[in-house]
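**Student:** The file below is model.cif, mmCIF, N, CA and C atoms:
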```cif
data_my_file
#
loop_
_atom_site.group_PDB
_atom_site.id
_atom_site.type_symbol
_atom_site.label_atom_id
_atom_site.label_comp_id
_atom_site.auth_asym_id
_atom_site.auth_seq_id
_atom_site.Cartn_x
_atom_site.Cartn_y
_atom_site.Cartn_z
ATOM 1 N N MET Q 1 0.823 -1.179 0.000
ATOM 2 C CA MET Q 1 0.000 0.000 0.000
ATOM 3 C C MET Q 1 0.878 1.258 0.000
ATOM 4 N N ALA Q 2 1.944 1.266 0.788
ATOM 5 C CA ALA Q 2 2.822 2.435 0.835
ATOM 6 C C ALA Q 2 3.513 2.640 -0.496
ATOM 7 N N LEU Q 3 3.899 1.564 -1.147
ATOM 8 C CA LEU Q 3 4.560 1.690 -2.438
ATOM 9 C C LEU Q 3 3.592 2.226 -3.487
ATOM 10 N N MET Q 4 2.340 1.825 -3.404
ATOM 11 C CA MET Q 4 1.345 2.363 -4.324
ATOM 12 C C MET Q 4 1.104 3.842 -4.056
ATOM 13 N N LEU Q 5 1.096 4.228 -2.796
ATOM 14 C CA LEU Q 5 0.882 5.622 -2.427
ATOM 15 C C LEU Q 5 1.991 6.517 -2.980
ATOM 16 N N PHE Q 6 3.233 6.042 -2.945
ATOM 17 C CA PHE Q 6 4.361 6.807 -3.462
ATOM 18 C C PHE Q 6 4.689 6.464 -4.916
ATOM 19 N N ARG Q 7 3.813 5.674 -5.569
ATOM 20 C CA ARG Q 7 3.951 5.293 -6.977
ATOM 21 C C ARG Q 7 5.304 4.651 -7.287
ATOM 22 N N MET Q 8 5.594 3.623 -6.504
ATOM 23 C CA MET Q 8 6.842 2.878 -6.696
ATOM 24 C C MET Q 8 6.513 1.411 -6.946
ATOM 25 N N ASP Q 9 7.399 0.759 -7.668
ATOM 26 C CA ASP Q 9 7.228 -0.661 -7.952
ATOM 27 C C ASP Q 9 7.790 -1.495 -6.801
ATOM 28 N N LEU Q 10 7.241 -2.686 -6.658
ATOM 29 C CA LEU Q 10 7.764 -3.629 -5.675
ATOM 30 C C LEU Q 10 8.942 -4.350 -6.331
ATOM 31 N N ASN Q 11 10.155 -3.938 -5.968
ATOM 32 C CA ASN Q 11 11.355 -4.540 -6.544
ATOM 33 C C ASN Q 11 12.002 -5.459 -5.509
ATOM 34 N N ILE Q 12 13.222 -5.873 -5.773
ATOM 35 C CA ILE Q 12 13.913 -6.804 -4.880
ATOM 36 C C ILE Q 12 14.120 -6.205 -3.495
ATOM 37 N N TYR Q 13 14.348 -4.892 -3.424
ATOM 38 C CA TYR Q 13 14.524 -4.241 -2.132
ATOM 39 C C TYR Q 13 13.216 -4.248 -1.336
ATOM 40 N N GLY Q 14 12.100 -4.073 -2.017
ATOM 41 C CA GLY Q 14 10.807 -4.152 -1.338
ATOM 42 C C GLY Q 14 10.551 -5.533 -0.763
ATOM 43 N N PHE Q 15 10.935 -6.566 -1.532
ATOM 44 C CA PHE Q 15 10.794 -7.939 -1.039
ATOM 45 C C PHE Q 15 11.693 -8.187 0.169
ATOM 46 N N VAL Q 16 12.889 -7.636 0.151
ATOM 47 C CA VAL Q 16 13.784 -7.770 1.302
ATOM 48 C C VAL Q 16 13.139 -7.134 2.539
ATOM 49 N N GLY Q 17 12.498 -5.985 2.353
ATOM 50 C CA GLY Q 17 11.800 -5.333 3.460
ATOM 51 C C GLY Q 17 10.678 -6.187 4.021
ATOM 52 N N ILE Q 18 9.928 -6.835 3.149
ATOM 53 C CA ILE Q 18 8.838 -7.707 3.590
ATOM 54 C C ILE Q 18 9.388 -8.887 4.380
ATOM 55 N N ILE Q 19 10.448 -9.503 3.893
ATOM 56 C CA ILE Q 19 11.054 -10.648 4.581
ATOM 57 C C ILE Q 19 11.615 -10.209 5.933
ATOM 58 N N MET Q 20 12.220 -9.027 5.974
ATOM 59 C CA MET Q 20 12.747 -8.506 7.228
ATOM 60 C C MET Q 20 11.630 -8.302 8.254
ATOM 61 N N LEU Q 21 10.510 -7.782 7.812
ATOM 62 C CA LEU Q 21 9.397 -7.556 8.722
ATOM 63 C C LEU Q 21 8.784 -8.857 9.214
ATOM 64 N N ILE Q 22 8.738 -9.850 8.361
ATOM 65 C CA ILE Q 22 8.249 -11.165 8.793
ATOM 66 C C ILE Q 22 9.140 -11.689 9.910
ATOM 67 N N GLY Q 23 10.448 -11.506 9.777
ATOM 68 C CA GLY Q 23 11.376 -11.939 10.829
ATOM 69 C C GLY Q 23 11.180 -11.185 12.127
ATOM 70 N N ILE Q 24 10.947 -9.883 12.055
ATOM 71 C CA ILE Q 24 10.731 -9.086 13.273
ATOM 72 C C ILE Q 24 9.459 -9.530 13.976
ATOM 73 N N VAL Q 25 8.379 -9.710 13.219
ATOM 74 C CA VAL Q 25 7.110 -10.136 13.812
ATOM 75 C C VAL Q 25 7.239 -11.525 14.429
ATOM 76 N N LYS Q 26 7.937 -12.414 13.732
ATOM 77 C CA LYS Q 26 8.134 -13.778 14.256
ATOM 78 C C LYS Q 26 8.929 -13.746 15.558
ATOM 79 N N LYS Q 27 9.976 -12.931 15.606
ATOM 80 C CA LYS Q 27 10.780 -12.824 16.811
ATOM 81 C C LYS Q 27 9.953 -12.295 17.982
ATOM 82 N N ASN Q 28 9.128 -11.289 17.726
ATOM 83 C CA ASN Q 28 8.290 -10.734 18.783
ATOM 84 C C ASN Q 28 7.302 -11.772 19.317
ATOM 85 N N ALA Q 29 6.712 -12.530 18.419
ATOM 86 C CA ALA Q 29 5.761 -13.558 18.841
ATOM 87 C C ALA Q 29 6.457 -14.654 19.646
ATOM 88 N N ILE Q 30 7.642 -15.056 19.211
ATOM 89 C CA ILE Q 30 8.377 -16.083 19.938
ATOM 90 C C ILE Q 30 8.726 -15.603 21.346
ATOM 91 N N MET Q 31 9.127 -14.331 21.463
ATOM 92 C CA MET Q 31 9.460 -13.795 22.789
ATOM 93 C C MET Q 31 8.266 -13.849 23.730
ATOM 94 N N MET Q 32 7.089 -13.453 23.253
ATOM 95 C CA MET Q 32 5.900 -13.449 24.105
ATOM 96 C C MET Q 32 5.447 -14.866 24.454
ATOM 97 N N ILE Q 33 5.435 -15.743 23.469
ATOM 98 C CA ILE Q 33 4.963 -17.105 23.700
ATOM 99 C C ILE Q 33 5.919 -17.859 24.607
ATOM 100 N N ASP Q 34 7.215 -17.677 24.430
ATOM 101 C CA ASP Q 34 8.187 -18.329 25.293
ATOM 102 C C ASP Q 34 7.997 -17.903 26.742
ATOM 103 N N PHE Q 35 7.818 -16.614 26.961
ATOM 104 C CA PHE Q 35 7.583 -16.133 28.321
ATOM 105 C C PHE Q 35 6.283 -16.700 28.884
ATOM 106 N N ALA Q 36 5.235 -16.744 28.059
ATOM 107 C CA ALA Q 36 3.944 -17.254 28.525
ATOM 108 C C ALA Q 36 4.026 -18.733 28.880
ATOM 109 N N LEU Q 37 4.732 -19.520 28.086
ATOM 110 C CA LEU Q 37 4.866 -20.946 28.396
ATOM 111 C C LEU Q 37 5.618 -21.165 29.705
ATOM 112 N N GLU Q 38 6.665 -20.374 29.924
ATOM 113 C CA GLU Q 38 7.405 -20.470 31.191
ATOM 114 C C GLU Q 38 6.514 -20.094 32.371
ATOM 115 N N ALA Q 39 5.705 -19.069 32.218
ATOM 116 C CA ALA Q 39 4.801 -18.659 33.299
ATOM 117 C C ALA Q 39 3.751 -19.720 33.567
ATOM 118 N N GLU Q 40 3.278 -20.376 32.528
ATOM 119 C CA GLU Q 40 2.304 -21.458 32.713
ATOM 120 C C GLU Q 40 2.930 -22.625 33.462
ATOM 121 N N ARG Q 41 4.126 -23.000 33.084
ATOM 122 C CA ARG Q 41 4.773 -24.170 33.678
ATOM 123 C C ARG Q 41 5.246 -23.918 35.098
ATOM 124 N N ARG Q 42 5.910 -22.797 35.325
ATOM 125 C CA ARG Q 42 6.514 -22.546 36.635
ATOM 126 C C ARG Q 42 5.558 -21.943 37.648
ATOM 127 N N GLU Q 43 4.687 -21.038 37.195
ATOM 128 C CA GLU Q 43 3.811 -20.339 38.135
ATOM 129 C C GLU Q 43 2.382 -20.860 38.110
ATOM 130 N N GLY Q 44 2.070 -21.770 37.210
ATOM 131 C CA GLY Q 44 0.744 -22.367 37.144
ATOM 132 C C GLY Q 44 -0.341 -21.397 36.687
ATOM 133 N N LYS Q 45 0.011 -20.413 35.893
ATOM 134 C CA LYS Q 45 -0.966 -19.440 35.412
ATOM 135 C C LYS Q 45 -1.799 -20.038 34.286
ATOM 136 N N SER Q 46 -3.000 -19.473 34.122
ATOM 137 C CA SER Q 46 -3.838 -19.893 32.999
ATOM 138 C C SER Q 46 -3.221 -19.342 31.709
ATOM 139 N N PRO Q 47 -3.567 -19.929 30.569
ATOM 140 C CA PRO Q 47 -3.000 -19.434 29.308
ATOM 141 C C PRO Q 47 -3.290 -17.943 29.075
ATOM 142 N N HIS Q 48 -4.491 -17.507 29.391
ATOM 143 C CA HIS Q 48 -4.848 -16.103 29.195
ATOM 144 C C HIS Q 48 -3.994 -15.198 30.080
ATOM 145 N N GLU Q 49 -3.860 -15.549 31.342
ATOM 146 C CA GLU Q 49 -3.030 -14.752 32.261
ATOM 147 C C GLU Q 49 -1.565 -14.755 31.827
ATOM 148 N N ALA Q 50 -1.091 -15.905 31.390
ATOM 149 C CA ALA Q 50 0.317 -16.030 31.015
ATOM 150 C C ALA Q 50 0.650 -15.183 29.789
ATOM 151 N N ILE Q 51 -0.195 -15.218 28.768
ATOM 152 C CA ILE Q 51 0.107 -14.432 27.570
ATOM 153 C C ILE Q 51 -0.078 -12.946 27.851
ATOM 154 N N TYR Q 52 -1.032 -12.598 28.703
ATOM 155 C CA TYR Q 52 -1.217 -11.195 29.078
ATOM 156 C C TYR Q 52 0.026 -10.686 29.812
ATOM 157 N N GLN Q 53 0.518 -11.466 30.743
ATOM 158 C CA GLN Q 53 1.721 -11.092 31.486
ATOM 159 C C GLN Q 53 2.933 -11.027 30.552
ATOM 160 N N GLY Q 54 3.003 -11.969 29.615
ATOM 161 C CA GLY Q 54 4.092 -11.950 28.647
ATOM 162 C C GLY Q 54 4.065 -10.703 27.777
ATOM 163 N N CYS Q 55 2.886 -10.285 27.386
ATOM 164 C CA CYS Q 55 2.753 -9.066 26.584
ATOM 165 C C CYS Q 55 3.183 -7.843 27.376
ATOM 166 N N LEU Q 56 2.800 -7.784 28.636
ATOM 167 C CA LEU Q 56 3.175 -6.636 29.456
ATOM 168 C C LEU Q 56 4.685 -6.560 29.679
ATOM 169 N N ILE Q 57 5.283 -7.686 29.968
ATOM 170 C CA ILE Q 57 6.710 -7.692 30.290
ATOM 171 C C ILE Q 57 7.574 -7.555 29.038
ATOM 172 N N ARG Q 58 7.182 -8.141 27.929
ATOM 173 C CA ARG Q 58 7.990 -8.100 26.706
ATOM 174 C C ARG Q 58 7.690 -6.882 25.839
ATOM 175 N N PHE Q 59 6.797 -5.991 26.287
ATOM 176 C CA PHE Q 59 6.431 -4.815 25.495
ATOM 177 C C PHE Q 59 7.634 -3.918 25.219
ATOM 178 N N ARG Q 60 8.437 -3.656 26.222
ATOM 179 C CA ARG Q 60 9.586 -2.755 26.057
ATOM 180 C C ARG Q 60 10.593 -3.280 25.023
ATOM 181 N N PRO Q 61 11.031 -4.544 25.107
ATOM 182 C CA PRO Q 61 11.957 -5.030 24.076
ATOM 183 C C PRO Q 61 11.349 -5.023 22.670
ATOM 184 N N ILE Q 62 10.053 -5.301 22.577
ATOM 185 C CA ILE Q 62 9.397 -5.277 21.275
ATOM 186 C C ILE Q 62 9.376 -3.859 20.723
ATOM 187 N N MET Q 63 9.081 -2.888 21.560
ATOM 188 C CA MET Q 63 9.070 -1.496 21.108
ATOM 189 C C MET Q 63 10.478 -1.019 20.754
ATOM 190 N N MET Q 64 11.473 -1.491 21.476
ATOM 191 C CA MET Q 64 12.853 -1.117 21.154
ATOM 192 C C MET Q 64 13.241 -1.643 19.773
ATOM 193 N N THR Q 65 12.858 -2.862 19.451
ATOM 194 C CA THR Q 65 13.138 -3.431 18.140
ATOM 195 C C THR Q 65 12.417 -2.646 17.049
ATOM 196 N N THR Q 66 11.161 -2.315 17.302
ATOM 197 C CA THR Q 66 10.373 -1.563 16.327
ATOM 198 C C THR Q 66 10.967 -0.181 16.095
ATOM 199 N N MET Q 67 11.350 0.497 17.163
ATOM 200 C CA MET Q 67 11.931 1.834 17.019
ATOM 201 C C MET Q 67 13.285 1.779 16.301
ATOM 202 N N ALA Q 68 14.061 0.749 16.555
ATOM 203 C CA ALA Q 68 15.338 0.598 15.855
ATOM 204 C C ALA Q 68 15.105 0.389 14.359
ATOM 205 N N ALA Q 69 14.090 -0.390 14.005
ATOM 206 C CA ALA Q 69 13.770 -0.602 12.589
ATOM 207 C C ALA Q 69 13.297 0.693 11.943
ATOM 208 N N ILE Q 70 12.493 1.465 12.662
ATOM 209 C CA ILE Q 70 12.006 2.741 12.131
ATOM 210 C C ILE Q 70 13.158 3.707 11.928
ATOM 211 N N MET Q 71 13.988 3.876 12.941
ATOM 212 C CA MET Q 71 15.090 4.828 12.839
ATOM 213 C C MET Q 71 16.125 4.398 11.797
ATOM 214 N N GLY Q 72 16.330 3.098 11.643
ATOM 215 C CA GLY Q 72 17.275 2.610 10.653
ATOM 216 C C GLY Q 72 16.766 2.742 9.231
ATOM 217 N N SER Q 73 15.463 2.661 9.046
ATOM 218 C CA SER Q 73 14.915 2.741 7.690
ATOM 219 C C SER Q 73 14.528 4.158 7.284
ATOM 220 N N LEU Q 74 14.513 5.085 8.208
ATOM 221 C CA LEU Q 74 14.136 6.460 7.884
ATOM 222 C C LEU Q 74 15.057 7.105 6.839
ATOM 223 N N PRO Q 75 16.399 7.034 6.989
ATOM 224 C CA PRO Q 75 17.244 7.620 5.936
ATOM 225 C C PRO Q 75 17.077 6.927 4.580
ATOM 226 N N ILE Q 76 16.809 5.632 4.613
ATOM 227 C CA ILE Q 76 16.612 4.894 3.364
ATOM 228 C C ILE Q 76 15.318 5.356 2.695
ATOM 229 N N ALA Q 77 14.255 5.510 3.486
ATOM 230 C CA ALA Q 77 12.970 5.930 2.930
ATOM 231 C C ALA Q 77 13.014 7.366 2.416
ATOM 232 N N LEU Q 78 13.790 8.221 3.060
ATOM 233 C CA LEU Q 78 13.895 9.607 2.616
ATOM 234 C C LEU Q 78 14.770 9.741 1.379
ATOM 235 N N GLY Q 79 15.585 8.751 1.099
ATOM 236 C CA GLY Q 79 16.365 8.727 -0.126
ATOM 237 C C GLY Q 79 17.699 9.421 -0.042
ATOM 238 N N PHE Q 80 18.402 9.263 1.073
ATOM 239 C CA PHE Q 80 19.737 9.846 1.216
ATOM 240 C C PHE Q 80 20.789 8.884 0.705
ATOM 241 N N GLY Q 81 21.838 9.412 0.105
ATOM 242 C CA GLY Q 81 22.989 8.610 -0.283
ATOM 243 C C GLY Q 81 22.971 8.174 -1.731
ATOM 244 N N ALA Q 82 24.072 7.577 -2.134
ATOM 245 C CA ALA Q 82 24.225 7.108 -3.508
ATOM 246 C C ALA Q 82 23.339 5.890 -3.748
ATOM 247 N N GLY Q 83 22.659 5.874 -4.852
ATOM 248 C CA GLY Q 83 21.786 4.748 -5.192
ATOM 249 C C GLY Q 83 20.533 4.682 -4.355
ATOM 250 N N ALA Q 84 20.153 5.787 -3.758
ATOM 251 C CA ALA Q 84 19.019 5.801 -2.843
ATOM 252 C C ALA Q 84 17.702 5.510 -3.541
ATOM 253 N N GLU Q 85 17.574 5.902 -4.797
ATOM 254 C CA GLU Q 85 16.307 5.681 -5.498
ATOM 255 C C GLU Q 85 16.015 4.198 -5.660
ATOM 256 N N ALA Q 86 17.033 3.365 -5.705
ATOM 257 C CA ALA Q 86 16.823 1.916 -5.817
ATOM 258 C C ALA Q 86 16.409 1.306 -4.481
ATOM 259 N N ARG Q 87 16.960 1.840 -3.377
ATOM 260 C CA ARG Q 87 16.678 1.278 -2.051
ATOM 261 C C ARG Q 87 15.460 1.906 -1.378
ATOM 262 N N ARG Q 88 14.919 2.940 -1.941
ATOM 263 C CA ARG Q 88 13.802 3.641 -1.297
ATOM 264 C C ARG Q 88 12.593 2.734 -1.035
ATOM 265 N N PRO Q 89 12.212 1.801 -1.929
ATOM 266 C CA PRO Q 89 11.099 0.905 -1.612
ATOM 267 C C PRO Q 89 11.318 0.092 -0.336
ATOM 268 N N LEU Q 90 12.571 -0.283 -0.049
ATOM 269 C CA LEU Q 90 12.876 -1.005 1.192
ATOM 270 C C LEU Q 90 12.519 -0.153 2.401
ATOM 271 N N GLY Q 91 12.974 1.091 2.419
ATOM 272 C CA GLY Q 91 12.688 1.974 3.541
ATOM 273 C C GLY Q 91 11.218 2.286 3.683
ATOM 274 N N LEU Q 92 10.546 2.531 2.579
ATOM 275 C CA LEU Q 92 9.111 2.823 2.643
ATOM 276 C C LEU Q 92 8.322 1.626 3.142
ATOM 277 N N ARG Q 93 8.691 0.437 2.693
ATOM 278 C CA ARG Q 93 8.004 -0.778 3.123
ATOM 279 C C ARG Q 93 8.180 -0.988 4.631
ATOM 280 N N LEU Q 94 9.408 -0.795 5.120
ATOM 281 C CA LEU Q 94 9.675 -0.967 6.551
ATOM 282 C C LEU Q 94 8.912 0.066 7.377
ATOM 283 N N LEU Q 95 8.969 1.319 6.973
ATOM 284 C CA LEU Q 95 8.268 2.362 7.724
ATOM 285 C C LEU Q 95 6.767 2.131 7.733
ATOM 286 N N ALA Q 96 6.209 1.804 6.581
ATOM 287 C CA ALA Q 96 4.765 1.594 6.509
ATOM 288 C C ALA Q 96 4.320 0.447 7.402
ATOM 289 N N ASP Q 97 5.064 -0.652 7.381
ATOM 290 C CA ASP Q 97 4.655 -1.810 8.177
ATOM 291 C C ASP Q 97 4.943 -1.637 9.661
ATOM 292 N N CYS Q 98 5.914 -0.816 10.022
ATOM 293 C CA CYS Q 98 6.137 -0.556 11.442
ATOM 294 C C CYS Q 98 5.044 0.344 12.018
ATOM 295 N N PHE Q 99 4.611 1.314 11.223
ATOM 296 C CA PHE Q 99 3.555 2.217 11.694
ATOM 297 C C PHE Q 99 2.167 1.637 11.514
ATOM 298 N N PHE Q 100 1.931 0.996 10.379
ATOM 299 C CA PHE Q 100 0.622 0.419 10.060
ATOM 300 C C PHE Q 100 0.824 -1.030 9.635
ATOM 301 N N PRO Q 101 0.811 -1.968 10.582
ATOM 302 C CA PRO Q 101 1.174 -3.356 10.280
ATOM 303 C C PRO Q 101 0.329 -4.037 9.202
ATOM 304 N N SER Q 102 -0.861 -3.554 8.927
ATOM 305 C CA SER Q 102 -1.697 -4.237 7.929
ATOM 306 C C SER Q 102 -1.573 -3.630 6.548
ATOM 307 N N SER Q 103 -0.654 -2.654 6.342
ATOM 308 C CA SER Q 103 -0.573 -2.013 5.018
ATOM 309 C C SER Q 103 0.162 -2.871 4.020
#
```
What is this structure when it is put down as structure tokens?
**Tutor:**
Amino acid sequence: MALMLFRMDLNIYGFVGIIMLIGIVKKNAIMMIDFALEAERREGKSPHEAIYQGCLIRFRPIMMTTMAAIMGSLPIALGFGAGAEARRPLGLRLLADCFFPSS
């Protein structure tokens, strides 16, 4: 959606951005689920309580990862540097999905 908004084609850099975001989302989910499973096993919490607690405790590391991705892709999306026009879809894809995950 972001690439359509800025009238850009989905090239190899855009695909790299999509794959990168899939990895970030997968890592975040693994962090929460791992914490929830440990809470279920060790503290005897219900699944709902365990995942809720996991979300609360793992929120900060997840936000740190998201902010690092945003700050790292901002210069790419703005088009700074040599060959920036080729890499711009990567930055736009990352920024769009970090701000609006369903775009």
**Student:** Expanded to explicit residues, what is the PyMOL selection byres ((chain Q and resi 17) around 7) for this file, as a PDB file with N, CA and C atoms, in the frame of the given file?
**Tutor:**
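Full text of selection30.pdb as output:
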```pdb
ATOM      1  N   ILE Q  12      13.222  -5.873  -5.773  1.00  0.00           N
ATOM      2  CA  ILE Q  12      13.913  -6.804  -4.880  1.00  0.00           C
ATOM      3  C   ILE Q  12      14.120  -6.205  -3.495  1.00  0.00           C
ATOM      4  N   TYR Q  13      14.348  -4.892  -3.424  1.00  0.00           N
ATOM      5  CA  TYR Q  13      14.524  -4.241  -2.132  1.00  0.00           C
ATOM      6  C   TYR Q  13      13.216  -4.248  -1.336  1.00  0.00           C
ATOM      7  N   GLY Q  14      12.100  -4.073  -2.017  1.00  0.00           N
ATOM      8  CA  GLY Q  14      10.807  -4.152  -1.338  1.00  0.00           C
ATOM      9  C   GLY Q  14      10.551  -5.533  -0.763  1.00  0.00           C
ATOM     10  N   PHE Q  15      10.935  -6.566  -1.532  1.00  0.00           N
ATOM     11  CA  PHE Q  15      10.794  -7.939  -1.039  1.00  0.00           C
ATOM     12  C   PHE Q  15      11.693  -8.187   0.169  1.00  0.00           C
ATOM     13  N   VAL Q  16      12.889  -7.636   0.151  1.00  0.00           N
ATOM     14  CA  VAL Q  16      13.784  -7.770   1.302  1.00  0.00           C
ATOM     15  C   VAL Q  16      13.139  -7.134   2.539  1.00  0.00           C
ATOM     16  N   ILE Q  18       9.928  -6.835   3.149  1.00  0.00           N
ATOM     17  CA  ILE Q  18       8.838  -7.707   3.590  1.00  0.00           C
ATOM     18  C   ILE Q  18       9.388  -8.887   4.380  1.00  0.00           C
ATOM     19  N   ILE Q  19      10.448  -9.503   3.893  1.00  0.00           N
ATOM     20  CA  ILE Q  19      11.054 -10.648   4.581  1.00  0.00           C
ATOM     21  C   ILE Q  19      11.615 -10.209   5.933  1.00  0.00           C
ATOM     22  N   MET Q  20      12.220  -9.027   5.974  1.00  0.00           N
ATOM     23  CA  MET Q  20      12.747  -8.506   7.228  1.00  0.00           C
ATOM     24  C   MET Q  20      11.630  -8.302   8.254  1.00  0.00           C
ATOM     25  N   LEU Q  21      10.510  -7.782   7.812  1.00  0.00           N
ATOM     26  CA  LEU Q  21       9.397  -7.556   8.722  1.00  0.00           C
ATOM     27  C   LEU Q  21       8.784  -8.857   9.214  1.00  0.00           C
ATOM     28  N   ILE Q  22       8.738  -9.850   8.361  1.00  0.00           N
ATOM     29  CA  ILE Q  22       8.249 -11.165   8.793  1.00  0.00           C
ATOM     30  C   ILE Q  22       9.140 -11.689   9.910  1.00  0.00           C
ATOM     31  N   PRO Q  89      12.212   1.801  -1.929  1.00  0.00           N
ATOM     32  CA  PRO Q  89      11.099   0.905  -1.612  1.00  0.00           C
ATOM     33  C   PRO Q  89      11.318   0.092  -0.336  1.00  0.00           C
ATOM     34  N   LEU Q  90      12.571  -0.283  -0.049  1.00  0.00           N
ATOM     35  CA  LEU Q  90      12.876  -1.005   1.192  1.00  0.00           C
ATOM     36  C   LEU Q  90      12.519  -0.153   2.401  1.00  0.00           C
ATOM     37  N   GLY Q  91      12.974   1.091   2.419  1.00  0.00           N
ATOM     38  CA  GLY Q  91      12.688   1.974   3.541  1.00  0.00           C
ATOM     39  C   GLY Q  91      11.218   2.286   3.683  1.00  0.00           C
ATOM     40  N   ARG Q  93       8.691   0.437   2.693  1.00  0.00           N
ATOM     41  CA  ARG Q  93       8.004  -0.778   3.123  1.00  0.00           C
ATOM     42  C   ARG Q  93       8.180  -0.988   4.631  1.00  0.00           C
ATOM     43  N   LEU Q  94       9.408  -0.795   5.120  1.00  0.00           N
ATOM     44  CA  LEU Q  94       9.675  -0.967   6.551  1.00  0.00           C
ATOM     45  C   LEU Q  94       8.912   0.066   7.377  1.00  0.00           C
TER      46      LEU Q  94
END
```
**Student:** Going by the chain IDs and residue numbers used in this file, which residues fall under the PyMOL selection byres ((chain Q and resi 50) around 6.5)? Write them as an NGL selection string.
**Tutor:** :Q and (35-37 or 39-40 or 45-49 or 51-55)
**Student:** Give me, please, the distance in Å between atom CA of Q:Ile33 and atom CA of Q:Met63, quoted to one decimal.
**Tutor:** 16.3 Å
**Student:** Using Å and a single decimal, report how far atom CA of Q:Ala29 sits from atom CA of Q:Asp9.
**Tutor:**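 Answer for the atom CA of Q:Asp9 to atom CA of Q:Ala29 separation: 29.8 Å.
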**Student:** Just checking: using all atoms listed in the file, which residue out of Q:Met32, Q:Ala69, Q:Leu74, Q:Met8 ends up closest to Q:Ile57?
**Tutor:** Q:Met32
**Student:** Expressed in Å to a single decimal, how great is the separation between atom CA of Q:Leu78 and atom CA of Q:Val25?
**Tutor:**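 Atom CA of Q:Val25 lies at a distance of 23.7 Å from atom CA of Q:Leu78.
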